[in-house]
file target.cif (mmCIF, C-alpha atoms)
data_start
loop_
_atom_site.label_atom_id
_atom_site.label_comp_id
_atom_site.auth_asym_id
_atom_site.auth_seq_id
_atom_site.Cartn_x
_atom_site.Cartn_y
_atom_site.Cartn_z
CA MET A 1 30.92 0.33 -27.75
CA GLU A 2 29.41 2.74 -25.23
CA PRO A 3 25.67 2.11 -24.53
CA GLU A 4 23.24 4.67 -25.94
CA TYR A 5 21.56 5.17 -22.56
CA ASP A 6 22.58 4.88 -18.95
CA TYR A 7 19.22 3.45 -17.83
CA LEU A 8 16.42 1.82 -19.79
CA LEU A 9 12.98 1.33 -18.25
CA ALA A 10 11.10 -1.59 -19.82
CA GLY A 11 7.52 -0.74 -18.89
CA GLY A 12 5.86 2.49 -17.85
CA GLY A 13 3.34 1.35 -15.24
CA ALA A 14 3.52 2.05 -11.52
CA ALA A 15 6.93 0.40 -11.00
CA GLY A 16 8.64 1.82 -14.08
CA LEU A 17 7.29 5.34 -13.61
CA SER A 18 8.20 5.28 -9.93
CA MET A 19 11.78 4.41 -10.82
CA ALA A 20 11.81 7.16 -13.45
CA TYR A 21 10.48 9.68 -10.94
CA TYR A 22 13.09 8.88 -8.30
CA ILE A 23 15.87 9.18 -10.89
CA SER A 24 14.45 12.54 -12.03
CA GLN A 25 14.56 13.88 -8.49
CA GLU A 26 18.15 12.83 -7.73
CA PRO A 27 20.56 15.72 -8.49
CA ARG A 28 23.55 13.35 -8.67
CA LEU A 29 21.91 11.51 -11.62
CA GLN A 30 20.79 14.47 -13.70
CA GLY A 31 23.48 13.84 -16.29
CA LYS A 32 22.27 10.28 -16.91
CA ARG A 33 20.37 9.45 -20.09
CA VAL A 34 17.14 7.51 -19.50
CA LEU A 35 14.95 5.71 -22.05
CA LEU A 36 11.37 4.74 -21.15
CA LEU A 37 9.78 2.06 -23.34
CA GLU A 38 6.01 1.64 -22.90
CA PRO A 39 3.60 0.59 -25.67
CA ALA A 40 0.50 2.40 -24.36
CA ALA A 41 0.00 6.00 -23.32
CA LYS A 42 -0.84 6.28 -19.63
CA ASP A 43 -3.74 8.71 -20.01
CA GLN A 44 -6.63 6.85 -18.38
CA ASN A 45 -7.69 6.35 -14.77
CA ASP A 46 -7.20 2.60 -15.07
CA ARG A 47 -6.56 1.77 -11.40
CA THR A 48 -6.39 3.02 -7.83
CA TRP A 49 -3.64 2.35 -5.31
CA SER A 50 -4.14 2.41 -1.56
CA PHE A 51 -1.49 2.16 1.12
CA TRP A 52 -0.73 3.14 4.70
CA THR A 53 2.32 5.16 5.66
CA ASP A 54 3.82 7.05 8.57
CA GLN A 55 6.10 9.10 6.29
CA PRO A 56 5.53 11.81 3.67
CA THR A 57 5.41 10.51 0.10
CA PRO A 58 6.30 12.28 -3.16
CA TYR A 59 2.62 12.03 -4.17
CA ASP A 60 0.97 13.64 -1.14
CA ALA A 61 -0.16 16.66 -3.17
CA VAL A 62 -2.16 14.49 -5.60
CA LEU A 63 -3.70 11.94 -3.24
CA ALA A 64 -7.41 11.36 -3.82
CA ALA A 65 -7.98 11.06 -0.06
CA GLU A 66 -6.36 10.11 3.21
CA TRP A 67 -7.86 8.95 6.50
CA ARG A 68 -6.85 8.57 10.15
CA GLN A 69 -8.98 5.55 11.00
CA LEU A 70 -10.12 2.26 9.47
CA ALA A 71 -13.17 0.07 9.88
CA PHE A 72 -12.92 -3.72 10.06
CA ARG A 73 -16.05 -5.88 9.89
CA SER A 74 -16.68 -9.57 10.30
CA PRO A 75 -19.37 -11.72 11.93
CA ARG A 76 -17.23 -12.22 15.05
CA PHE A 77 -15.56 -8.81 15.41
CA SER A 78 -16.21 -5.33 14.03
CA ALA A 79 -14.64 -2.05 15.06
CA VAL A 80 -13.47 1.38 13.95
CA LEU A 81 -9.72 1.44 14.53
CA PRO A 82 -8.05 4.87 15.05
CA LEU A 83 -4.62 5.36 13.48
CA ARG A 84 -2.03 7.26 15.46
CA ARG A 85 1.23 6.96 13.50
CA TYR A 86 -0.22 5.92 10.17
CA ARG A 87 -2.52 7.49 7.63
CA TYR A 88 -4.36 5.45 5.03
CA CYS A 89 -4.01 6.92 1.54
CA THR A 90 -5.57 6.46 -1.88
CA LEU A 91 -3.99 7.58 -5.15
CA ARG A 92 -5.79 7.48 -8.50
CA GLY A 93 -3.83 6.10 -11.44
CA ILE A 94 -4.42 9.12 -13.68
CA ASP A 95 -3.19 11.54 -11.01
CA PHE A 96 -0.02 9.48 -10.49
CA TYR A 97 0.64 9.26 -14.24
CA ARG A 98 0.20 13.00 -14.76
CA PHE A 99 2.37 13.83 -11.75
CA VAL A 100 5.27 11.68 -12.92
CA GLN A 101 4.90 12.68 -16.57
CA ALA A 102 5.13 16.34 -15.58
CA ALA A 103 8.33 15.64 -13.62
CA LEU A 104 9.88 13.84 -16.60
CA ALA A 105 8.74 16.51 -19.07
CA ALA A 106 10.63 19.07 -16.99
CA ARG A 107 13.86 17.24 -17.94
CA PRO A 108 13.55 16.68 -21.71
CA ALA A 109 17.31 16.32 -22.18
CA GLN A 110 17.44 13.49 -19.65
CA PHE A 111 14.35 11.42 -20.45
CA THR A 112 13.31 9.93 -23.79
CA ARG A 113 10.05 8.03 -24.24
CA VAL A 114 9.50 5.62 -27.12
CA PRO A 115 6.15 3.81 -27.55
CA ALA A 116 7.30 0.23 -28.01
CA HIS A 117 6.93 -3.36 -26.84
CA VAL A 118 10.10 -4.84 -25.39
CA GLU A 119 10.55 -8.25 -26.97
CA GLU A 120 13.90 -9.39 -25.59
CA LEU A 121 16.58 -8.21 -23.18
CA THR A 122 20.13 -9.55 -23.39
CA ASN A 123 23.00 -8.92 -21.02
CA THR A 124 26.18 -7.86 -22.84
CA PRO A 125 29.71 -7.12 -21.57
CA GLY A 126 28.91 -3.40 -21.56
CA GLY A 127 25.31 -3.50 -20.34
CA VAL A 128 22.07 -4.67 -21.96
CA ARG A 129 20.69 -4.88 -25.49
CA ALA A 130 16.92 -4.41 -25.85
CA ARG A 131 15.14 -5.75 -28.93
CA THR A 132 11.82 -3.93 -29.30
CA SER A 133 9.02 -3.26 -31.77
CA ALA A 134 10.74 0.11 -32.44
CA GLY A 135 14.21 -1.32 -33.05
CA GLU A 136 17.22 -2.09 -30.85
CA PHE A 137 18.54 0.01 -27.98
CA THR A 138 21.45 -0.41 -25.59
CA ALA A 139 21.82 0.72 -21.98
CA ARG A 140 24.13 0.28 -19.03
CA TYR A 141 21.29 -0.94 -16.78
CA VAL A 142 17.74 -2.03 -17.51
CA PHE A 143 14.84 -1.88 -15.05
CA ASP A 144 12.27 -4.41 -16.23
CA SER A 145 8.66 -4.18 -15.02
CA ARG A 146 6.96 -6.14 -17.79
CA PRO A 147 4.33 -8.65 -16.55
CA PRO A 148 6.08 -11.92 -15.64
CA GLN A 149 5.09 -15.31 -17.02
CA PRO A 150 6.40 -17.74 -14.39
CA VAL A 151 6.42 -21.47 -15.02
CA PRO A 152 4.41 -22.88 -12.08
CA ARG A 153 6.33 -25.03 -9.62
CA PRO A 154 4.79 -27.94 -7.68
CA ASP A 155 6.17 -26.68 -4.35
CA ARG A 156 4.57 -23.21 -4.60
CA ARG A 157 1.13 -21.67 -4.12
CA TYR A 158 -0.66 -19.78 -6.89
CA LEU A 159 -3.77 -17.72 -6.16
CA TRP A 160 -5.28 -14.49 -7.46
CA GLN A 161 -6.56 -11.39 -5.74
CA HIS A 162 -9.30 -10.43 -8.18
CA PHE A 163 -11.86 -7.68 -7.86
CA LEU A 164 -14.48 -5.45 -9.35
CA GLY A 165 -14.92 -1.95 -7.97
CA TRP A 166 -17.62 0.59 -8.67
CA GLU A 167 -17.17 4.25 -7.82
CA VAL A 168 -20.72 5.24 -6.99
CA GLU A 169 -22.57 8.50 -6.37
CA THR A 170 -25.79 9.05 -4.46
CA ASP A 171 -28.17 12.00 -4.06
CA PHE A 172 -28.17 11.57 -0.28
CA ASP A 173 -25.54 11.24 2.44
CA ALA A 174 -24.66 7.55 2.39
CA PHE A 175 -21.01 7.21 3.42
CA ASP A 176 -18.91 8.14 6.44
CA ALA A 177 -16.22 10.20 4.74
CA THR A 178 -13.89 9.84 7.75
CA THR A 179 -13.71 6.04 7.74
CA PRO A 180 -12.73 3.66 4.92
CA VAL A 181 -13.77 0.05 5.33
CA PHE A 182 -10.50 -1.86 5.20
CA MET A 183 -12.18 -5.27 5.04
CA ASP A 184 -15.84 -6.22 5.35
CA PHE A 185 -16.05 -9.99 5.75
CA THR A 186 -19.79 -10.03 6.38
CA VAL A 187 -20.37 -11.09 2.76
CA GLU A 188 -20.86 -14.77 1.93
CA GLN A 189 -17.49 -16.52 1.77
CA GLN A 190 -18.55 -19.41 -0.49
CA ARG A 191 -15.56 -21.45 0.77
CA GLU A 192 -13.13 -18.72 -0.31
CA CYS A 193 -11.69 -15.52 1.15
CA ARG A 194 -14.13 -12.78 0.07
CA PHE A 195 -14.62 -9.26 1.38
CA VAL A 196 -15.71 -5.77 0.37
CA TYR A 197 -13.51 -2.70 0.52
CA VAL A 198 -15.03 0.82 0.74
CA LEU A 199 -13.14 4.08 0.14
CA PRO A 200 -15.38 7.09 0.87
CA PHE A 201 -14.36 10.22 -1.01
CA GLY A 202 -17.24 12.18 0.51
CA PRO A 203 -20.65 11.53 2.04
CA ARG A 204 -22.14 10.92 -1.43
CA ARG A 205 -19.29 9.26 -3.32
CA ALA A 206 -17.25 6.12 -2.65
CA LEU A 207 -15.33 3.32 -4.33
CA VAL A 208 -16.93 0.00 -3.34
CA GLU A 209 -14.88 -3.02 -4.34
CA TYR A 210 -15.73 -6.73 -4.16
CA THR A 211 -12.49 -8.68 -3.66
CA LEU A 212 -11.62 -12.39 -3.62
CA PHE A 213 -8.49 -14.43 -2.92
CA SER A 214 -8.87 -17.68 -4.84
CA GLY A 215 -7.42 -19.88 -7.55
CA GLN A 216 -9.99 -19.08 -10.23
CA LEU A 217 -11.50 -15.88 -11.58
CA LEU A 218 -15.29 -15.43 -11.72
CA PRO A 219 -17.56 -14.65 -14.67
CA PRO A 220 -18.11 -10.86 -14.76
CA ALA A 221 -21.79 -11.22 -13.86
CA GLU A 222 -20.91 -12.78 -10.48
CA TYR A 223 -18.81 -9.81 -9.36
CA GLU A 224 -21.59 -7.45 -10.47
CA ALA A 225 -24.28 -9.41 -8.64
CA ALA A 226 -22.24 -9.37 -5.42
CA LEU A 227 -21.70 -5.61 -5.65
CA ARG A 228 -25.38 -4.96 -6.34
CA GLN A 229 -26.37 -7.07 -3.34
CA TYR A 230 -23.88 -5.33 -1.04
CA LEU A 231 -24.93 -1.85 -2.16
CA ALA A 232 -28.62 -2.70 -1.84
CA THR A 233 -28.02 -3.63 1.80
CA MET A 234 -25.66 -0.74 2.51
CA LEU A 235 -27.90 1.90 0.93
CA ALA A 236 -31.25 0.35 1.99
CA SER A 237 -32.14 -0.17 -1.68
CA ARG A 238 -31.95 3.55 -2.42
CA PRO A 239 -30.62 4.52 -5.88
CA TYR A 240 -27.01 5.15 -6.86
CA ARG A 241 -25.03 5.84 -10.02
CA VAL A 242 -21.89 4.00 -11.14
CA VAL A 243 -19.51 6.70 -12.37
CA GLU A 244 -16.30 4.67 -12.75
CA THR A 245 -15.36 0.99 -12.84
CA GLU A 246 -12.16 -0.71 -11.73
CA THR A 247 -11.30 -4.35 -12.30
CA GLY A 248 -8.17 -6.44 -12.00
CA ALA A 249 -6.41 -9.61 -10.98
CA ILE A 250 -3.18 -9.54 -8.94
CA PRO A 251 -1.04 -12.67 -8.58
CA MET A 252 -0.87 -13.89 -4.98
CA THR A 253 1.96 -16.38 -4.92
CA ASP A 254 5.09 -17.40 -3.08
CA HIS A 255 6.77 -18.15 -6.41
CA PRO A 256 10.38 -16.92 -6.11
CA PHE A 257 10.53 -14.02 -8.57
CA PRO A 258 14.21 -13.13 -9.09
CA ALA A 259 15.32 -9.62 -8.20
CA ARG A 260 17.59 -9.54 -11.25
CA ASP A 261 18.21 -11.33 -14.55
CA GLY A 262 21.94 -11.34 -15.02
CA ALA A 263 24.37 -8.61 -14.09
CA ASN A 264 22.63 -5.58 -15.51
CA ILE A 265 18.86 -6.27 -15.55
CA VAL A 266 16.86 -5.43 -12.40
CA ASN A 267 13.28 -6.64 -12.08
CA LEU A 268 10.69 -4.22 -10.73
CA GLY A 269 7.03 -4.47 -9.72
CA THR A 270 5.31 -7.85 -9.89
CA ARG A 271 8.22 -9.17 -11.92
CA GLY A 272 10.58 -8.33 -9.05
CA GLY A 273 8.40 -9.73 -6.27
CA ARG A 274 7.10 -6.36 -5.08
CA VAL A 275 3.52 -7.60 -4.68
CA LYS A 276 3.10 -8.62 -1.05
CA ALA A 277 2.18 -12.29 -1.43
CA SER A 278 -0.39 -12.43 1.36
CA THR A 279 -2.18 -9.10 0.81
CA GLY A 280 -1.56 -7.90 -2.76
CA TYR A 281 -0.32 -4.48 -1.59
CA ALA A 282 2.53 -3.33 -3.81
CA PHE A 283 2.60 0.43 -4.37
CA LEU A 284 4.67 1.43 -1.34
CA ARG A 285 6.99 -1.55 -1.84
CA MET A 286 7.67 -0.25 -5.36
CA GLN A 287 8.54 3.17 -3.94
CA GLN A 288 10.91 1.67 -1.40
CA GLN A 289 12.74 -0.33 -4.07
CA ALA A 290 12.98 2.69 -6.40
CA ALA A 291 14.43 4.79 -3.58
CA ARG A 292 16.92 2.04 -2.66
CA LEU A 293 18.14 1.60 -6.24
CA THR A 294 18.35 5.33 -6.95
CA GLU A 295 20.39 5.98 -3.82
CA ALA A 296 22.87 3.22 -4.73
CA LEU A 297 23.26 4.48 -8.29
CA ALA A 298 23.78 8.04 -7.09
CA THR A 299 26.25 7.04 -4.38
CA THR A 300 28.32 4.33 -6.09
CA GLY A 301 27.27 4.34 -9.74
CA THR A 302 26.38 0.65 -9.46
CA LEU A 303 23.52 -1.51 -8.21
CA PRO A 304 23.34 -2.50 -4.53
CA ALA A 305 24.16 -6.09 -3.60
CA ASP A 306 20.71 -6.39 -1.94
CA LEU A 307 18.17 -5.09 -4.43
CA THR A 308 15.06 -5.37 -2.24
CA GLY A 309 15.89 -5.49 1.47
CA ASP A 310 13.40 -8.35 1.92
CA GLN A 311 13.65 -10.57 5.01
CA TRP A 312 13.17 -14.32 4.71
CA GLN A 313 10.83 -14.70 7.70
CA PHE A 314 8.13 -12.56 6.10
CA ARG A 315 8.24 -14.64 2.93
CA PHE A 316 7.68 -17.67 5.18
CA PHE A 317 4.71 -16.02 6.91
CA ASP A 318 3.24 -15.16 3.49
CA SER A 319 3.56 -18.79 2.41
CA LEU A 320 1.71 -19.93 5.52
CA LEU A 321 -1.25 -17.63 4.88
CA LEU A 322 -1.35 -18.52 1.18
CA ASP A 323 -1.39 -22.18 2.12
CA ILE A 324 -4.37 -21.61 4.41
CA MET A 325 -6.16 -19.63 1.70
CA GLN A 326 -5.58 -22.46 -0.74
CA ARG A 327 -6.77 -25.20 1.63
CA ARG A 328 -9.64 -23.42 3.38
CA GLY A 329 -10.08 -19.90 2.09
CA GLU A 330 -13.11 -19.09 4.25
CA GLY A 331 -10.92 -19.54 7.34
CA THR A 332 -8.99 -16.40 6.38
CA ARG A 333 -11.94 -14.34 7.67
CA ASP A 334 -11.46 -15.63 11.21
CA ILE A 335 -7.68 -15.18 11.07
CA PHE A 336 -8.00 -11.49 10.19
CA ALA A 337 -10.73 -11.05 12.80
CA GLU A 338 -8.42 -12.47 15.48
CA LEU A 339 -5.51 -10.34 14.29
CA PHE A 340 -7.47 -7.08 14.50
CA GLN A 341 -9.31 -8.01 17.69
CA ARG A 342 -6.21 -9.09 19.65
CA ASN A 343 -3.57 -6.61 18.47
CA PRO A 344 -3.20 -2.84 18.20
CA VAL A 345 -4.05 -1.97 14.61
CA GLU A 346 -0.65 -0.38 14.00
CA ARG A 347 1.14 -3.54 15.10
CA ILE A 348 -0.77 -5.41 12.38
CA LEU A 349 0.06 -2.75 9.80
CA ASP A 350 3.73 -2.86 10.83
CA PHE A 351 3.63 -6.65 10.48
CA LEU A 352 2.07 -6.49 7.03
CA ASP A 353 4.67 -3.85 6.10
CA GLU A 354 7.46 -6.22 7.25
CA ARG A 355 8.68 -3.73 9.85
CA THR A 356 8.17 -5.78 13.02
CA THR A 357 10.87 -7.35 15.17
CA TRP A 358 11.04 -11.03 16.11
CA PRO A 359 9.35 -10.43 19.53
CA GLU A 360 6.57 -8.51 17.78
CA ASN A 361 6.23 -11.25 15.17
CA LEU A 362 5.77 -13.80 17.95
CA ARG A 363 3.08 -11.67 19.59
CA VAL A 364 1.23 -11.45 16.27
CA MET A 365 1.49 -15.20 15.61
CA ASN A 366 0.42 -16.04 19.17
CA SER A 367 -2.72 -13.93 18.78
CA VAL A 368 -4.34 -16.29 16.27
CA THR A 369 -5.67 -19.83 16.58
CA PRO A 370 -2.56 -21.97 15.98
CA TRP A 371 -3.93 -25.12 14.32
CA PRO A 372 -4.34 -23.77 10.75
CA PHE A 373 -0.79 -22.39 10.83
CA LEU A 374 0.72 -25.51 12.41
CA ARG A 375 -0.72 -27.60 9.62
CA SER A 376 0.56 -25.19 6.98
CA ILE A 377 4.06 -25.09 8.51
CA GLY A 378 4.40 -28.78 7.67
CA GLN A 379 3.09 -28.24 4.15
CA VAL A 380 5.45 -25.33 3.50
CA LEU A 381 8.56 -27.00 4.94
CA LEU A 382 7.86 -30.18 2.98
CA GLY A 383 7.28 -28.22 -0.23
CA ARG A 384 3.73 -29.52 -0.59
CA PRO A 385 1.09 -26.87 -1.21
CA GLY A 386 -2.04 -27.69 0.77
CA LYS A 387 -5.04 -28.96 -1.11
CA ARG A 388 -8.59 -28.33 -0.07
CA ALA A 389 -10.19 -31.23 1.81
CA GLU A 390 -13.55 -31.85 0.15
#
call {"tool": "encode", "arguments": {"input": "target.cif", "output": "structure tokens"}}
result
Amino acid sequence: MEPEYDYLLAGGGAAGLSMAYYISQEPRLQGKRVLLLEPAAKDQNDRTWSFWTDQPTPYDAVLAAEWRQLAFRSPRFSAVLPLRRYRYCTLRGIDFYRFVQAALAARPAQFTRVPAHVEELTNTPGGVRARTSAGEFTARYVFDSRPPQPVPRPDRRYLWQHFLGWEVETDFDAFDATTPVFMDFTVEQQRECRFVYVLPFGPRRALVEYTLFSGQLLPPAEYEAALRQYLATMLASRPYRVVETETGAIPMTDHPFPARDGANIVNLGTRGGRVKASTGYAFLRMQQQAARLTEALATTGTLPADLTGDQWQFRFFDSLLLDIMQRRGEGTRDIFAELFQRNPVERILDFLDERTTWPENLRVMNSVTPWPFLRSIGQVLLGRPGKRAE
């Protein structure tokens, strides 16, 4: 029996909507029937994505802001770092949702949205069967971005990037609107990797976010106390208003998330390993995968053999940094300080974007104190996640 739909999107967050958008913009796929299954309406500004890029993006017209320099701060090195090729961009969730929803609404014959939870996906000879809270559906291919629930493995590292951000307003000029603070490591580390991230949307408005890389989440009051302390110092105890709040926890792990589940189910987003294990950045990686998949479907009608384009050496580098974070999280501050002090900023951004060559990778690795990495190489190769020495 012929499937009801050509493509089914299980999940309508950043990854699922990105895939839907790229399909909607591909003329060679305009005859394809697409079903989007998402239980909740995306009508709130529930998150913010930031990324750096040296290329135009489909979302440039709705960016909240973009900048041509970054600030890095730590006790041992602080600087404002001009960007030549790159621009640093921020996109609000609500603006992204509305942009994509408008693109899909312009093609009502192609896209169908059903509010539903996807309960089970099963590969069949002709495609995939989806069992959902709204009934069963069939499709040739499914793109699954539901949150994964991996069974932890003893040879892998499992941390969280967790944060609380306040978008604040003042009645006085308090922020340098030309310069986001990429990482401010001058906050107390408390034996973990902790920093503050500042996105200035104007001289009187900014998103200030307290971020940690660690194995355990904090009670809400601890994030709030850290933000209040940082803002009191930054603003010299002058008043401010919290106009929006952002909170979240992103898995930081070298767990091997599969790119596909069987012949016809492709995993997207966190489920497909699109979260960069050592930084938590994911938005641009989702766009790159959506573009790769859409091009293959339009050109050949089938999925590409390589669904992600990932290179093994960068997964290894991610494991090394995760191992250091797990053993001695406060040491991450000095590693990033050395990276930004001893390399051109765009080499570091290329490295974090997995765009560097082997000679460039060696220059980056040689720019940091070797002992923490040498120790972690042994732990990673032996499949033994490092444990903190008390």
call {"tool": "closest_atom_pairs", "arguments": {"input": "target.cif", "of": "segment 9-58 of chain A", "to": "segment 171-191 of chain A", "cutoff": "12 Å", "atoms": "only C-alpha atoms", "output": "CSV"}}
result
residue,atom,partner,partner_atom,distance
A:Ser50,CA,A:Phe182,CA,10.2
A:Phe51,CA,A:Phe182,CA,10.7
A:Trp52,CA,A:Phe182,CA,11.0
call {"tool": "residues_around", "arguments": {"input": "target.cif", "residues": "Pro125 of chain A", "least_positions_apart": "5", "cutoff": "12 Å", "atoms": "all atoms listed in the file", "output": "ChimeraX atom specification"}}
result
/A:1-3,138-141,262-264
call {"tool": "residues_around", "arguments": {"input": "target.cif", "residues": "segment 372-376 of chain A", "least_positions_apart": "6", "cutoff": "12 Å", "atoms": "all atoms listed in the file", "output": "PyMOL selection string"}}
result
chain A and resi 157+316-332+334-335+365-366+382-388
call {"tool": "closest_residue", "arguments": {"input": "target.cif", "among": "A:Leu164, A:Cys89, A:Leu268, A:Leu217", "to": "Gln55 of chain A", "atoms": "only C-alpha atoms"}}
result
A:Cys89
call {"tool": "resolve_selection", "arguments": {"input": "target.cif", "expression": "the PyMOL selection byres ((chain A and resi 237-243) around 7)", "output": "NGL selection string"}}
result
:A and (166-170 or 232-233 or 235-236 or 244)
call {"tool": "closest_residue", "arguments": {"input": "target.cif", "among": "A:Phe195, A:Phe340, A:Phe257, A:Phe213", "to": "Val80 of chain A", "atoms": "all atoms listed in the file"}}
result
A:Phe340
call {"tool": "resolve_selection", "arguments": {"input": "target.cif", "expression": "the PyMOL selection byres ((chain A and resi 17) around 12)", "output": "NGL selection string"}}
result
:A and (8-16 or 18-24 or 34-38 or 42 or 93 or 96-104 or 111 or 113 or 143-145 or 268-269 or 283 or 286-287 or 290)
call {"tool": "closest_residue", "arguments": {"input": "target.cif", "among": "A:Pro82, A:Ala65, A:Tyr158, A:Arg146", "to": "Gly202 of chain A", "atoms": "only C-alpha atoms"}}
result
A:Ala65
call {"tool": "resolve_selection", "arguments": {"input": "target.cif", "expression": "the PyMOL selection byres ((chain A and resi 122) around 10)", "output": "PyMOL selection string"}}
result
chain A and resi 120-121+123-124+127-131+138+142+261-262+264-265
call {"tool": "closest_residue", "arguments": {"input": "target.cif", "among": "A:Thr253, A:Gln30, A:Asn45, A:Thr53", "to": "Arg84 of chain A", "atoms": "only C-alpha atoms"}}
result
A:Thr53
call {"tool": "atom_distance", "arguments": {"input": "target.cif", "atom1": "atom CA of Val368 of chain A", "atom2": "atom CA of Phe163 of chain A"}}
result
26.7 Å
call {"tool": "closest_residue", "arguments": {"input": "target.cif", "among": "A:Trp49, A:Asp310, A:Leu199, A:Pro56", "to": "Gln69 of chain A", "atoms": "only C-alpha atoms"}}
result
A:Leu199
call {"tool": "closest_residue", "arguments": {"input": "target.cif", "among": "A:Leu212, A:Gly280, A:Pro256, A:Leu231", "to": "Arg153 of chain A", "atoms": "all atoms listed in the file"}}
result
A:Pro256
call {"tool": "atom_distance", "arguments": {"input": "target.cif", "atom1": "atom CA of Asp155 of chain A", "atom2": "atom CA of Val380 of chain A"}}
result
8.0 Å
call {"tool": "atom_distance", "arguments": {"input": "target.cif", "atom1": "atom CA of Gly31 of chain A", "atom2": "atom CA of Glu4 of chain A"}}
result
13.3 Å
call {"tool": "residues_near_point", "arguments": {"input": "target.cif", "point": "(4.8, -7.7, 8.2)", "cutoff": "12 Å", "atoms": "all atoms listed in the file", "output": "CSV table (one decimal) with C-alpha atoms, in the coordinates of the input"}}
result
chain,number,residue,atom,x,y,z
A,276,LYS,CA,3.1,-8.6,-1.0
A,277,ALA,CA,2.2,-12.3,-1.4
A,278,SER,CA,-0.4,-12.4,1.4
A,279,THR,CA,-2.2,-9.1,0.8
A,281,TYR,CA,-0.3,-4.5,-1.6
A,285,ARG,CA,7.0,-1.6,-1.8
A,310,ASP,CA,13.4,-8.4,1.9
A,311,GLN,CA,13.6,-10.6,5.0
A,312,TRP,CA,13.2,-14.3,4.7
A,313,GLN,CA,10.8,-14.7,7.7
A,314,PHE,CA,8.1,-12.6,6.1
A,315,ARG,CA,8.2,-14.6,2.9
A,316,PHE,CA,7.7,-17.7,5.2
A,317,PHE,CA,4.7,-16.0,6.9
A,318,ASP,CA,3.2,-15.2,3.5
A,346,GLU,CA,-0.6,-0.4,14.0
A,347,ARG,CA,1.1,-3.5,15.1
A,348,ILE,CA,-0.8,-5.4,12.4
A,349,LEU,CA,0.1,-2.8,9.8
A,350,ASP,CA,3.7,-2.9,10.8
A,351,PHE,CA,3.6,-6.6,10.5
A,352,LEU,CA,2.1,-6.5,7.0
A,353,ASP,CA,4.7,-3.8,6.1
A,354,GLU,CA,7.5,-6.2,7.2
A,355,ARG,CA,8.7,-3.7,9.8
A,356,THR,CA,8.2,-5.8,13.0
A,357,THR,CA,10.9,-7.4,15.2
A,358,TRP,CA,11.0,-11.0,16.1
A,360,GLU,CA,6.6,-8.5,17.8
A,361,ASN,CA,6.2,-11.2,15.2
A,362,LEU,CA,5.8,-13.8,18.0
A,364,VAL,CA,1.2,-11.4,16.3
A,365,MET,CA,1.5,-15.2,15.6
call {"tool": "residues_around", "arguments": {"input": "target.cif", "residues": "Glu209 of chain A", "least_positions_apart": "5", "cutoff": "6 Å", "atoms": "all atoms listed in the file", "output": "list in words"}}
result
Leu164, Gly165, Val196 and Tyr197 of chain A
call {"tool": "axis_aligned_box", "arguments": {"input": "target.cif", "around": "segment 218-233 of chain A", "padding_each_side": "6 Å", "output": "lines of an AutoDock Vina configuration file"}}
result
center_x = -22.0
center_y = -8.6
center_z = -6.5
size_x = 25.3
size_y = 25.6
size_z = 28.6
